[in-house]
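Reviewing the structure listed below.
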Number of protein chains: 2
Amino acid sequence: MSTKAQYDAFLAVCPSRQLLARISDKWVVLILCALGGDAQDGTGVPTPMRYSGLSRLLAGVSQKMLTQTLRSLERDGLLTRSVTPTVPVTVTYELTALGRSLHQMTRGLRSWAQQNMDEVFTHREEYDTRVSS
Amino acid sequence: MSTKAQYDAFLAVCPSRQLLARISDKWVVLILCALGGDAQDGTGVPTPMRYSGLSRLLAGVSQKMLTQTLRSLERDGLLTRSVTPTVPVTVTYELTALGRSLHQMTRGLRSWAQQNMDEVFTHREEYDTRVSS
DNA sequence: CTGTATCCACTGCGATACTG
DNA sequence: CAGTATCGCAGTGGATACAG
């Protein structure tokens with residue numbers, strides 16, 4: 001780790017920029033929320049889910065994007081993909097320890113949102129009326 | 001596109017969905033980190049910055065995107081834009097209390113990235129060799 | 001059930017030129 | 001210095017059809 005201490009997200013070439021790219025992915029955070037158990041009760045107990053379950057929960061996601069996003073998260077070691085050779089085949093996705101640690105970050109974002117989005121919306125309305133006038 | 005009931009249900013337990021639009025923005029997190037003072041010493045002491053300063057710090061950002069992102073953050077009440085009528089004009093951006101509270105979340109993301117991206121890259125290499133073999 | 005493959009509309013975003 | 005305006009394309013992502 002010759003350069004780890006020098007990671008600087010402000011630099012264009014910095015690898016940590018890629019984390020931001022990952023977070024920016026349209027479905028990544030929602031998938032982390034789903035597998036993190038946020039959909040059940042908000043307690044955030046990690047919950048393995050099947051492809052069809054995710055597809056149902058994230059209604060509106062296309063097959064292409066769901067598969068593509070799950071693959072990239074698996075590639076990054078954030079979740080595991082387990083195939084059970086039943087008929088038809090059963091595939092289960094589950095967060096890894098790394099994935100759960102990232103999920104803690106996204107949970108923080110979510111709690112921030114729950115507490116502050118109202119204020120954000122208020123600011124937006126105020127700004128829009130101020131600008132249009 | 002169509003607003004299905006289950007999609008809404010998931011949003012109900014994952015209200016950060018609207019926050020995600022903000023966070024997903026390519027430059028939002030870096031701007032919050034910059035104005036949050038992360039660029040100086042990592043202590044996270046909020047630091048007002050000028051347009052040109054931000055432009056220099058955020059390597060690779062275009063004028064268009066910097067201006068556009070700053071405007072949307074101002075609209076959301078996350079930062080303030082102060083114009084000082086010098087010649088030439090001086091514009092200073094500064095986090096609001098709301099912006100600083102969100103910055104605490106983004107600091108978590110950034111530190112997660114700087115601590116865990118090495119592991120992510122290791123997983124990627126392993127995955128790629130496993131797939132190509 | 002769990003995907004792959006292909007087409008293509010839309011847009012995010014950089015590049016460039018111009019302005020108060 | 002701090003923007004605004006416009007163009008163009010590469011990439012995102014939805015729709016659709018096919019498959020193990």
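The chains in the structure tokens are called A, B, ... from first to last as shown; in each chain the residues are counted from 1, and the ligands are counted from 1 in the order shown.
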Report task. Excluding D:DC7 and any residue of its chain fewer than 5 positions from it, enumerate the residues within 12 Å of it, using only C-alpha atoms (C1' of nucleotides), and give them as JSON, numbers by chain. Result -> {"C": [13, 14, 15, 16, 17]}
For the selection you just gave me, I'd like the residues written to a file as a short mmCIF file (atom, residue, chain, number, x, y, z; two decimals), in the first residue's frame, keeping N, CA and C atoms (P, O5', C5', C4', C3', O3' and C1' of nucleotides).
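Everything below was put into again_38.cif:
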data_model
loop_
_atom_site.label_atom_id
_atom_site.label_comp_id
_atom_site.auth_asym_id
_atom_site.auth_seq_id
_atom_site.Cartn_x
_atom_site.Cartn_y
_atom_site.Cartn_z
P DC C 13 -23.26 14.11 -15.20
"O5'" DC C 13 -22.17 14.74 -16.18
"C5'" DC C 13 -21.52 13.88 -17.11
"C4'" DC C 13 -20.84 14.68 -18.18
"C3'" DC C 13 -20.16 15.97 -17.68
"O3'" DC C 13 -18.78 15.88 -17.98
"C1'" DC C 13 -21.33 16.34 -19.69
P DG C 14 -17.71 16.83 -17.27
"O5'" DG C 14 -16.67 17.01 -18.44
"C5'" DG C 14 -16.38 15.92 -19.31
"C4'" DG C 14 -16.10 16.41 -20.72
"C3'" DG C 14 -15.14 17.60 -20.79
"O3'" DG C 14 -14.22 17.39 -21.87
"C1'" DG C 14 -17.17 18.14 -21.91
P DA C 15 -12.96 18.38 -22.01
"O5'" DA C 15 -13.31 19.17 -23.35
"C5'" DA C 15 -13.96 18.49 -24.42
"C4'" DA C 15 -14.22 19.47 -25.56
"C3'" DA C 15 -13.26 20.68 -25.61
"O3'" DA C 15 -12.89 20.93 -26.96
"C1'" DA C 15 -15.50 21.42 -25.40
P DT C 16 -11.77 22.01 -27.29
"O5'" DT C 16 -12.61 23.29 -27.72
"C5'" DT C 16 -13.72 23.13 -28.59
"C4'" DT C 16 -14.56 24.39 -28.62
"C3'" DT C 16 -13.76 25.70 -28.55
"O3'" DT C 16 -13.90 26.38 -29.78
"C1'" DT C 16 -15.70 25.76 -27.18
P DA C 17 -13.03 27.76 -30.05
"O5'" DA C 17 -14.15 28.89 -29.86
"C5'" DA C 17 -15.43 28.74 -30.47
"C4'" DA C 17 -16.40 29.76 -29.91
"C3'" DA C 17 -15.80 31.18 -29.77
"O3'" DA C 17 -16.67 32.14 -30.35
"C1'" DA C 17 -16.83 30.50 -27.74
#
**Report entry** Superposition RMSD [C-alpha atoms, order-paired], chain B onto chain A
**Finding:** 4.5 Å
Report task. Would you give me, as number ranges by chain, the residues of chain D that come within 9 Å of chain B, using only C-alpha atoms (C1' of nucleotides)? Result -> D: 1-4
**Report entry** Shell around stretch 4-11 of chain C at 12 Å using only C-alpha atoms (C1' of nucleotides), local window under 4 positions removed, as a ChimeraX atom specification
**Finding:** /A:63-64,67-68 /D:8-20
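Restricting the calculation to only C-alpha atoms (C1' of nucleotides), the smallest distance between chain C and any of B:Val61, B:Ile31, B:Leu11, B:Val45 is found for B:Val61.
These are the residues of stretch 42-97 of chain A assigned strand (DSSP E or B) by DSSP from backbone coordinates: Met49, Arg50, Leu79, Thr80, Arg81, Ser82, Val83, Thr84, Thr90, Val91, Thr92, Tyr93, Glu94 and Leu95 of chain A.
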Interface list for chain B, partner chain A, 6 Å threshold, only C-alpha atoms, as a compact mmCIF listing (two decimals) with C-alpha atoms, in the first residue's frame:
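Resulting contents of out.txt:
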# COMPACT_ATOMS: atom_id res chain seq x y z
CA TYR B 7 -42.14 0.97 -6.22
CA VAL B 13 -38.96 2.73 3.44
CA SER B 16 -33.15 8.70 0.56
CA SER B 24 -25.51 10.80 -7.60
CA LEU B 58 -11.73 19.78 -8.37
CA ALA B 59 -9.41 18.61 -11.09
CA ARG B 75 -31.22 25.96 -4.46
CA ASP B 76 -31.35 23.12 -1.96
CA GLY B 77 -30.10 25.36 0.81
CA ALA B 113 -13.50 4.97 -0.27
CA GLN B 114 -10.01 5.83 0.78
CA VAL B 120 -12.46 -3.50 -4.04
CA HIS B 123 -11.85 -8.29 -5.73
CA ARG B 124 -12.11 -6.92 -9.25
CA TYR B 127 -13.20 -11.68 -10.46
